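Comments concern the structure below.
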Amino acid sequence: MGLNLTQKIISKHLISGSMEPGKEIEISVDSTLTQDSTGTMVYLQLEAMDVEKVKTKLSVAYVDHNMLQTGFENADDHLYIKTVAGKYGIHFSRPGNGICHQVQLERFAKPGWTLVGSDSHTPTAGGIGSLAIGAGGLDVAIAMATATYSMTMPKVCNVILKGKLKHPATAKDVILYILGKLTVKGGVGKVFEYTGEGVKHLSVPERATITNMGAELGATTSIFPSDDNTLEYLKLQGREEDFVELGPDEDAKYDEVITVDLSKITPMVACPHSPDNVKPINELEGTKITQVAIGSCTNSSYKDLVTVARILKGKKVHPDVSLVVSPGSKQVLTKLAMTGELKDLIASGARILESGCGPCIGMGQAPESDGVSLRTFNRNFEGRSGTKSAKVYLVSPETAAVSALYGKITDPSILESHIFEPVEEISYINDNMVLPPEENLNKQVIKGPNIKPFPLNTPPADNISKKVVLKVGDNITTDHIMPSGAKLLPYRSNIPHLSQYCFSGVDPDFSENCRKSGGGFIVAGENYGQGSSREHAALVPLYLGIKAVFAKSFARIHKANLINTGIIPLVFKNPKDSEINSFDEIEIKDLVKQLKQGNEIYALNKSTGKSIKLLLEVTDREKEILLCGGYINYMKSGGRACHV
Ligand code: MIC
Ligand code: SF4
């Protein structure tokens, strides 16, 4: 039987397990990436692992998220990452070089390689045919230390692309359309593999826009074949030798199939406050806007920004709108400067930001109170922009740019046809902002005062009786659990400081309640922990004494992060059992025995007298990790059971 592309790459990298969906597999890891906001924890964990050098073929440490340097804190983080990279044999991409996913695609990602990154949008490299997976920081540290990664074998969903996009529809509209259909939990446990004649009409950066936002579907990853367009892209990057042709076998089998007719896609908008709240643009046309932000790892390629420059050329940004543009990389920004498009952007009134994540993670450019912001980004969760009352809409660069001119959401169909003429790609390569390990001279790791040790759990107690310190609904994001933004991002290496702000936008008393009750349990709905890969959303609750989360379902990366920290992720067996009130006292007796015995855990709601049936949906290895109170203890015990 033929293999699909996902199976082909996995089988080439398979170390143990079988490729049956739902079963645990271990694969070899060719490359890793980290970025600064998750990276400091990753490297603290790597240091705890006692290895001399990374075992991967290539590991890159980026600084792209927090570059505001409002105090010493994040300059300390940058220096720590730079020096630790030098020590362990990791390439260091300096601040200003660009967003990790954009630079990885341009300079490092290879078709057929595996990539594990401490950022949920790592699947961007699926646009070039890599099997690229976002993971929690500890899993990336393990990947660097051992060149392996353990995961659940996903189902493979074939997305057959028919036809060709018609102007003004773009790759962004394709993925928004899919998100509208499948929702933010539609991809959990799946890889989306794109095939069909439509694929050849999409360039690598367009494919990367689609695979990037596969993260919003909750997917393990998304992938395109490696074909002539891939070769063309690699040639422009001077990396022709990295090309291999890759695709599924003709008789490949898939677990699911969906078909998307590209010729029927029209401009789409994801409305506040979720990337799957998607509507066709005609339902929103005329909505007044106050800010437009163009950039992020979804839409900041050279082609994206040239198109924006064409739209703005000779025109003036609407007086009620602030337009900010953050180019994806130094390469993109330089090319815009070389060809003169940068001049057109500046002349129109666009505010040019440095190449990095910037407003996407709330690092500056927070809208005014009740502001309406149109963004080419991938997430519009409430408060993520830095302004809780702001409304954020997600659109393509074309829609964003034309709307910036009119001061309201505007259908890009009104644009003249020359805007959509193919962009002539130029080649410009300059890697002087990447420091290879051999040129990174500070081999002494430097840790400033902002860098605090990460918390460690202890093996679970036999009997636990604790309060429900928080009850929340469906689709809680890691931005809800551990908010980011300009005020908090400088403290990603400082769990005690962050702990004061855990769930602050949901329940400002959460942290205090945890302290008063000596920790406790969290009760949640579906898809708990969707969004970012930040393991701070597990480390901080651990620090506050959270023992277990009871939910209807969990998002993949967050569940792995909970397990790695030793917080037990439990799923309600009967939805009715989720009828638990805040501050009810829950007792789990013989927890260790129950964990060892099977996958059902019984708890008692002492406040109501009702019994609760919970499922522990983990692999044997993950169960051992939980019995040890987290991965670091498990590792220290040599992978043996901590409770005998
Ligand atoms: C995000 O888009 O939320 C981030 C910031 O890139 C995160 C990582 C983080 O929280 O540091 C992600 O997507 O994993
Ligand atoms: Fe950076 Fe935004 Fe991409 Fe996250 S989603 S990596 S914050 S640009």
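Lettering and numbering for the structure tokens are positional, with chains as A, B, ... in the shown order, residues counted from 1 in each chain, and ligands counted from 1 in the shown order.
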
Where does chain A meet ligand 1 within 8 Å, residue by residue, with the nearest atom pair and distance in Å to one decimal for each, counting only C-alpha atoms and all ligand atoms, listed by chain and rising number, as CSV?
```
residue,atom,partner,partner_atom_place_in_ligand_line,distance
A:Gln35,CA,ligand 1,11 (O),7.4
A:Asp36,CA,ligand 1,11 (O),7.4
A:Ser37,CA,ligand 1,11 (O),4.3
A:Thr38,CA,ligand 1,11 (O),4.7
A:His65,CA,ligand 1,5 (C),6.8
A:Ser118,CA,ligand 1,14 (O),6.4
A:Asp119,CA,ligand 1,14 (O),3.5
A:Ser120,CA,ligand 1,14 (O),3.8
A:His121,CA,ligand 1,13 (O),5.6
A:Gly134,CA,ligand 1,14 (O),7.2
A:Ala135,CA,ligand 1,14 (O),8.0
A:Cys357,CA,ligand 1,6 (O),7.8
A:Cys360,CA,ligand 1,2 (O),7.0
A:Ile361,CA,ligand 1,5 (C),5.6
A:Asn378,CA,ligand 1,2 (O),7.8
A:Arg379,CA,ligand 1,2 (O),7.2
A:Thr478,CA,ligand 1,10 (O),7.7
A:Asp479,CA,ligand 1,3 (O),7.1
A:Ser484,CA,ligand 1,10 (O),7.1
A:Gly531,CA,ligand 1,13 (O),6.2
A:Ser532,CA,ligand 1,12 (C),3.5
A:Ser533,CA,ligand 1,14 (O),3.6
A:Arg534,CA,ligand 1,10 (O),4.2
A:Glu535,CA,ligand 1,10 (O),7.8
A:His536,CA,ligand 1,10 (O),7.9
```

If we count only C-alpha atoms and set the cut-off at 8 Å, which residues sit around region 241-245 of chain A, ignoring sequence neighbours fewer than 2 positions away in its own chain? Please answer as a compact mmCIF listing (two decimals) with N, CA and C atoms, in the first residue's frame.
```
# COMPACT_ATOMS: atom_id res chain seq x y z
N LYS A 110 14.29 22.41 5.37
CA LYS A 110 14.56 21.56 4.20
C LYS A 110 13.42 20.59 3.98
N PRO A 111 13.08 20.34 2.70
CA PRO A 111 12.06 19.33 2.42
C PRO A 111 12.48 17.97 2.97
N GLY A 112 11.54 17.30 3.63
CA GLY A 112 11.82 15.95 4.13
C GLY A 112 12.45 15.92 5.51
N PRO A 225 3.64 19.22 -0.62
CA PRO A 225 4.71 18.48 -1.29
C PRO A 225 5.88 19.40 -1.65
N SER A 226 7.00 18.80 -1.97
CA SER A 226 8.15 19.57 -2.45
C SER A 226 8.24 19.36 -3.95
N ASP A 227 8.08 20.45 -4.73
CA ASP A 227 7.95 20.34 -6.19
C ASP A 227 8.73 21.45 -6.88
N THR A 230 9.00 24.63 -5.04
CA THR A 230 9.93 24.53 -3.90
C THR A 230 11.35 24.74 -4.41
N LEU A 231 11.65 24.14 -5.55
CA LEU A 231 12.99 24.28 -6.13
C LEU A 231 13.26 25.74 -6.47
N LEU A 234 13.98 27.61 -3.32
CA LEU A 234 15.31 27.28 -2.78
C LEU A 234 16.42 27.90 -3.63
N ARG A 239 19.94 27.85 -2.13
CA ARG A 239 19.98 26.56 -1.41
C ARG A 239 19.46 25.41 -2.29
N GLY A 247 6.52 13.82 -2.41
CA GLY A 247 5.07 13.87 -2.49
C GLY A 247 4.51 12.51 -2.09
```

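Of the listed residues A:Lys335, A:Lys162, A:Lys330, A:Lys391, the one whose atoms come nearest to Ala270 (chain A) is A:Lys391, with distances taken using only C-alpha atoms.
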
Using only C-alpha atoms, which residues sit within 12 Å of Lys190 (chain A) once same-chain residues fewer than 4 positions away are excluded, as number ranges by chain?
A: 6, 21-22, 133, 151-159, 185-186, 214-215, 217-223, 254-257, 555-556

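Across the structure, CA of Ile451 (chain A) and CA of Val506 (chain A) are spaced 27.1 Å apart.
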
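The smallest atom-to-atom distance between ligand 2 and any of A:Leu591, A:Leu441, A:Ala400, A:Val103, using only C-alpha atoms and all ligand atoms, is found for A:Val103.
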
Mind pulling up the distance from CA of Glu512 (chain A) to CA of Ala524 (chain A)?
19.3 Å

Contacts of region 595-603 of chain A at 8 Å or less, counting only C-alpha atoms, minus same-chain residues fewer than 5 places along, as a count of residues only?
13

Could you please write out, as JSON, numbers by chain, every residue of region 114-352 of chain A that DSSP assigns to helix (DSSP H, G or I)?
{"A": [122, 123, 124, 125, 126, 127, 128, 137, 138, 139, 140, 141, 142, 143, 144, 145, 146, 171, 172, 173, 174, 175, 176, 177, 178, 179, 180, 181, 182, 197, 198, 199, 200, 201, 204, 205, 206, 207, 208, 209, 210, 211, 212, 213, 214, 215, 216, 217, 228, 229, 230, 231, 232, 233, 234, 235, 236, 240, 241, 242, 262, 263, 264, 281, 282, 283, 302, 303, 304, 305, 306, 307, 308, 309, 310, 311, 312, 330, 331, 332, 333, 334, 335, 336, 337, 338, 339, 341, 342, 343, 344, 345, 346, 347, 348]}

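The shell of residues at most 7 Å from Asn299 (chain A), with only C-alpha atoms counted and near chain neighbours (fewer than 2 positions) removed, consists of A:Thr209, A:Gly295, A:Ser296, A:Cys297, A:Ser301, A:Asp304, A:Thr376, A:Phe377, A:Pro397.
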
If you keep all heavy atoms, can you produce a file of those selected residues as a PDB file, in the first residue's frame?
```pdb
ATOM      1  N   THR A 209       1.814  30.365   4.495  1.00  0.00           N
ATOM      2  CA  THR A 209       0.706  31.073   5.164  1.00  0.00           C
ATOM      3  C   THR A 209      -0.350  30.057   5.589  1.00  0.00           C
ATOM      4  O   THR A 209      -0.907  30.124   6.693  1.00  0.00           O
ATOM      5  CB  THR A 209       0.086  32.120   4.206  1.00  0.00           C
ATOM      6  OG1 THR A 209       1.055  33.137   3.970  1.00  0.00           O
ATOM      7  CG2 THR A 209      -1.180  32.740   4.768  1.00  0.00           C
ATOM      8  N   GLY A 295       1.955  42.136   8.969  1.00  0.00           N
ATOM      9  CA  GLY A 295       3.183  41.426   9.336  1.00  0.00           C
ATOM     10  C   GLY A 295       2.845  40.099   9.967  1.00  0.00           C
ATOM     11  O   GLY A 295       1.825  39.496   9.644  1.00  0.00           O
ATOM     12  N   SER A 296       3.689  39.634  10.870  1.00  0.00           N
ATOM     13  CA  SER A 296       3.618  38.369  11.612  1.00  0.00           C
ATOM     14  C   SER A 296       4.099  37.200  10.764  1.00  0.00           C
ATOM     15  O   SER A 296       4.243  37.317   9.536  1.00  0.00           O
ATOM     16  CB  SER A 296       2.218  38.067  12.152  1.00  0.00           C
ATOM     17  OG  SER A 296       1.485  37.283  11.247  1.00  0.00           O
ATOM     18  N   CYS A 297       4.274  36.059  11.414  1.00  0.00           N
ATOM     19  CA  CYS A 297       4.804  34.893  10.704  1.00  0.00           C
ATOM     20  C   CYS A 297       3.811  34.354   9.675  1.00  0.00           C
ATOM     21  O   CYS A 297       4.171  33.506   8.860  1.00  0.00           O
ATOM     22  CB  CYS A 297       5.203  33.808  11.696  1.00  0.00           C
ATOM     23  SG  CYS A 297       3.883  33.313  12.807  1.00  0.00           S
ATOM     24  N   SER A 301       5.883  37.957   4.047  1.00  0.00           N
ATOM     25  CA  SER A 301       6.877  37.597   3.036  1.00  0.00           C
ATOM     26  C   SER A 301       7.104  38.789   2.105  1.00  0.00           C
ATOM     27  O   SER A 301       6.343  39.767   2.126  1.00  0.00           O
ATOM     28  CB  SER A 301       6.372  36.407   2.226  1.00  0.00           C
ATOM     29  OG  SER A 301       5.254  36.816   1.454  1.00  0.00           O
ATOM     30  N   ASP A 304       4.041  39.388  -0.016  1.00  0.00           N
ATOM     31  CA  ASP A 304       2.962  40.044   0.733  1.00  0.00           C
ATOM     32  C   ASP A 304       3.201  41.552   0.804  1.00  0.00           C
ATOM     33  O   ASP A 304       2.293  42.355   0.567  1.00  0.00           O
ATOM     34  CB  ASP A 304       2.908  39.509   2.178  1.00  0.00           C
ATOM     35  CG  ASP A 304       2.249  38.134   2.267  1.00  0.00           C
ATOM     36  OD1 ASP A 304       1.464  37.792   1.367  1.00  0.00           O
ATOM     37  OD2 ASP A 304       2.526  37.410   3.240  1.00  0.00           O
ATOM     38  N   THR A 376      -3.037  41.222   9.752  1.00  0.00           N
ATOM     39  CA  THR A 376      -2.778  40.079   8.857  1.00  0.00           C
ATOM     40  C   THR A 376      -2.243  38.899   9.666  1.00  0.00           C
ATOM     41  O   THR A 376      -1.644  37.993   9.119  1.00  0.00           O
ATOM     42  CB  THR A 376      -1.737  40.445   7.784  1.00  0.00           C
ATOM     43  OG1 THR A 376      -0.493  40.707   8.437  1.00  0.00           O
ATOM     44  CG2 THR A 376      -2.159  41.649   6.966  1.00  0.00           C
ATOM     45  N   PHE A 377      -2.449  38.911  10.985  1.00  0.00           N
ATOM     46  CA  PHE A 377      -1.834  37.926  11.869  1.00  0.00           C
ATOM     47  C   PHE A 377      -2.675  36.635  11.902  1.00  0.00           C
ATOM     48  O   PHE A 377      -3.580  36.449  11.089  1.00  0.00           O
ATOM     49  CB  PHE A 377      -1.673  38.500  13.281  1.00  0.00           C
ATOM     50  CG  PHE A 377      -0.942  39.829  13.337  1.00  0.00           C
ATOM     51  CD1 PHE A 377      -0.961  40.603  14.489  1.00  0.00           C
ATOM     52  CD2 PHE A 377      -0.237  40.304  12.247  1.00  0.00           C
ATOM     53  CE1 PHE A 377      -0.287  41.818  14.558  1.00  0.00           C
ATOM     54  CE2 PHE A 377       0.443  41.523  12.303  1.00  0.00           C
ATOM     55  CZ  PHE A 377       0.400  42.279  13.464  1.00  0.00           C
ATOM     56  N   PRO A 397      -3.185  40.512   3.555  1.00  0.00           N
ATOM     57  CA  PRO A 397      -2.498  41.799   3.383  1.00  0.00           C
ATOM     58  C   PRO A 397      -3.232  42.706   2.385  1.00  0.00           C
ATOM     59  O   PRO A 397      -3.252  43.925   2.557  1.00  0.00           O
ATOM     60  CB  PRO A 397      -1.128  41.403   2.832  1.00  0.00           C
ATOM     61  CG  PRO A 397      -0.935  39.986   3.232  1.00  0.00           C
ATOM     62  CD  PRO A 397      -2.294  39.358   3.285  1.00  0.00           C
TER      63      PRO A 397
END
```
